[in-house]
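Chemist: Take a look at the following structure, please.
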Amino acid sequence: MKKRFLLLSVVLALVLVLAGCSKPTMNVEPQDDGSLSITCDRMYGSGVSADITVAEGQTLVFTPALEKGTIYVRIMAPATDINKLPDVENDEAYFEGAFSGDAAGRVDVEPGEYSLFISTKEDKTTGTMTIVPTAADATDVPQVLGEEAAVS
């Protein structure tokens, strides 16, 4: 009986350790309505690129639901020359901002296609965020002005 209990305890402890050791993840999924859905699980120090299209009369609405950490977003006009990508390291960005918690924000951009660089830094970011092209006159979400006035 004691051997079974000991074996069961060891197996349970192993399962709990392995469950806590899963890799950090970040998924960015385009949706049918043109929005982006971002999911982070203990993500830090990584980023991904995605594209989004904004139509005439639309704005981009960012809706975070983050339990922990911050998601950083850079919005760049797409490269017109395939051999010259936007230089994200040297601030060739239309907008750069940080989103944490659950405070929504909007970024007004001209109609067009944009490349986004979505990243996390040192904190283990966990939660979700959506980026939705929305009719500008149908939203009362406050505008985010950039990194200095980022939503926090």
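Numbering starts fresh at 1 for the residues of each chain in the structure tokens, the chains themselves are lettered A, B, ... in the order given, and ligands are numbered from 1 as they appear.
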Residues within 7 Å of stretch 103-117 of chain A, please, as a ChimeraX atom specification. Count only C-alpha atoms; anything in the same chain fewer than 2 positions from it doesn't count.
Modeler: /A:47-56,59-64,73-78,101,119,141-144,151
Chemist: What's around A:Gly45 at 6 Å? Count only C-alpha atoms, leave out sequence neighbours fewer than 2 positions away in its own chain, and write the answer as a VMD selection string.
Modeler: chain A and resid 120 to 122
Chemist: With only C-alpha atoms as the atoms that count, which of A:Ala135, A:Thr125, A:Cys40, A:Ser46 lies nearest to A:Val28?
Modeler: A:Cys40
Chemist: Taking only stretch 40-150 of chain A into account, list the residues labelled strand (DSSP E) by DSSP (computed from the backbone), as a count of residues only.
Modeler: 58
Chemist: May I have the residues within 9 Å of A:Asp41 as a PyMOL selection string, using only C-alpha atoms and disregarding those fewer than 3 positions away in the same chain?
Modeler: chain A and resi 23-26+124-128
Chemist: Create the file for the chosen residues now, containing N, CA and C atoms and written as an mmCIF file, in the first residue's frame.
Modeler:
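What follows is the written file out.cif:
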```cif
data_model
loop_
_atom_site.group_PDB
_atom_site.id
_atom_site.type_symbol
_atom_site.label_atom_id
_atom_site.label_comp_id
_atom_site.auth_asym_id
_atom_site.auth_seq_id
_atom_site.Cartn_x
_atom_site.Cartn_y
_atom_site.Cartn_z
ATOM 1 N N LYS A 23 6.402 25.555 -22.581
ATOM 2 C CA LYS A 23 7.085 26.688 -23.205
ATOM 3 C C LYS A 23 6.190 27.918 -23.258
ATOM 4 N N PRO A 24 6.798 29.097 -23.112
ATOM 5 C CA PRO A 24 6.042 30.334 -23.313
ATOM 6 C C PRO A 24 5.593 30.412 -24.778
ATOM 7 N N THR A 25 4.406 30.957 -25.002
ATOM 8 C CA THR A 25 3.896 31.033 -26.374
ATOM 9 C C THR A 25 3.295 32.400 -26.676
ATOM 10 N N MET A 26 3.323 32.764 -27.960
ATOM 11 C CA MET A 26 2.625 33.944 -28.469
ATOM 12 C C MET A 26 2.042 33.560 -29.824
ATOM 13 N N LYS A 124 6.799 38.262 -18.052
ATOM 14 C CA LYS A 124 6.143 37.097 -18.647
ATOM 15 C C LYS A 124 4.690 37.443 -18.950
ATOM 16 N N THR A 125 4.479 37.999 -20.127
ATOM 17 C CA THR A 125 3.168 38.486 -20.524
ATOM 18 C C THR A 125 2.196 37.328 -20.711
ATOM 19 N N THR A 126 1.022 37.470 -20.085
ATOM 20 C CA THR A 126 -0.018 36.442 -20.157
ATOM 21 C C THR A 126 -1.358 37.125 -20.373
ATOM 22 N N GLY A 127 -2.112 36.650 -21.377
ATOM 23 C CA GLY A 127 -3.441 37.188 -21.659
ATOM 24 C C GLY A 127 -3.673 37.301 -23.151
ATOM 25 N N THR A 128 -4.663 38.113 -23.500
ATOM 26 C CA THR A 128 -5.043 38.264 -24.905
ATOM 27 C C THR A 128 -5.162 39.735 -25.278
#
```
Chemist: Between atom CA of A:Phe95 and atom CA of A:Tyr44, what is the distance in Å, rounded to a tenth?
Modeler: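 Value for the atom CA of A:Phe95-atom CA of A:Tyr44 distance: 21.3 Å.
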Chemist: Which one of A:Ala138, A:Pro30, A:Met43, A:Ile71 sits closest to A:Ser100 if you count only C-alpha atoms?
Modeler: A:Ile71
Chemist: I need the residue nearest A:Lys68 from this list: A:Gly34, A:Thr39, A:Asp123, A:Thr134. Use only C-alpha atoms for the distance.
Modeler: A:Asp123
Chemist: For atom CA of A:Ala93 and atom CA of A:Ile131, determine how far apart the two atoms are, in Å to one decimal place.
Modeler: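 If I compute the distance from atom CA of A:Ala93 to atom CA of A:Ile131, I get 17.1 Å.
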Chemist: Among stretch 35-148 of chain A, which ones does DSSP assign to helix (DSSP H, G or I) (computed from the backbone)? Answer as a ChimeraX atom specification.
Modeler: /A:88-90,136-138,147-148
Chemist: Would you save the residues from that selection as a short mmCIF file (atom, residue, chain, number, x, y, z; two decimals), in the first residue's frame, using all heavy atoms?
Modeler:
```cif
data_model
loop_
_atom_site.label_atom_id
_atom_site.label_comp_id
_atom_site.auth_asym_id
_atom_site.auth_seq_id
_atom_site.Cartn_x
_atom_site.Cartn_y
_atom_site.Cartn_z
N VAL A 88 12.70 48.47 -38.20
CA VAL A 88 12.08 48.60 -36.88
C VAL A 88 13.09 48.97 -35.81
O VAL A 88 12.72 49.54 -34.79
CB VAL A 88 11.32 47.32 -36.47
CG1 VAL A 88 10.17 47.05 -37.41
CG2 VAL A 88 12.24 46.12 -36.40
N GLU A 89 14.35 48.70 -36.02
CA GLU A 89 15.38 49.03 -35.04
C GLU A 89 15.68 50.52 -35.01
O GLU A 89 16.15 51.05 -34.01
CB GLU A 89 16.66 48.23 -35.30
CG GLU A 89 16.49 46.73 -35.16
CD GLU A 89 16.03 46.32 -33.77
OE1 GLU A 89 16.50 46.90 -32.78
OE2 GLU A 89 15.17 45.43 -33.67
N ASN A 90 15.46 51.21 -36.11
CA ASN A 90 15.78 52.64 -36.18
C ASN A 90 14.54 53.52 -36.30
O ASN A 90 14.56 54.55 -36.95
CB ASN A 90 16.75 52.90 -37.34
CG ASN A 90 18.10 52.28 -37.08
OD1 ASN A 90 18.64 52.42 -35.99
ND2 ASN A 90 18.64 51.56 -38.05
N ALA A 136 -14.60 54.61 -37.41
CA ALA A 136 -14.16 55.65 -36.48
C ALA A 136 -15.33 56.32 -35.77
O ALA A 136 -15.24 56.66 -34.59
CB ALA A 136 -13.32 56.68 -37.21
N ASP A 137 -16.45 56.48 -36.46
CA ASP A 137 -17.60 57.15 -35.85
C ASP A 137 -18.44 56.21 -34.98
O ASP A 137 -19.40 56.63 -34.36
CB ASP A 137 -18.47 57.80 -36.92
CG ASP A 137 -19.02 56.82 -37.94
OD1 ASP A 137 -18.75 55.61 -37.84
OD2 ASP A 137 -19.72 57.28 -38.87
N ALA A 138 -18.04 54.93 -34.90
CA ALA A 138 -18.81 53.97 -34.10
C ALA A 138 -18.08 53.59 -32.81
O ALA A 138 -18.47 52.64 -32.16
CB ALA A 138 -19.07 52.72 -34.94
N GLU A 147 4.25 55.83 -27.45
CA GLU A 147 4.96 55.23 -26.33
C GLU A 147 4.87 56.08 -25.07
O GLU A 147 4.64 55.59 -23.98
CB GLU A 147 6.43 55.02 -26.70
CG GLU A 147 7.20 54.24 -25.67
CD GLU A 147 7.19 52.75 -25.91
OE1 GLU A 147 7.33 52.32 -27.04
OE2 GLU A 147 7.04 52.01 -24.92
N GLU A 148 5.04 57.40 -25.19
CA GLU A 148 5.02 58.27 -24.01
C GLU A 148 3.65 58.29 -23.33
O GLU A 148 3.53 58.43 -22.13
CB GLU A 148 5.40 59.72 -24.39
CG GLU A 148 6.79 59.86 -24.96
CD GLU A 148 6.87 59.47 -26.43
OE1 GLU A 148 5.87 59.56 -27.15
OE2 GLU A 148 7.96 59.04 -26.85
#
```
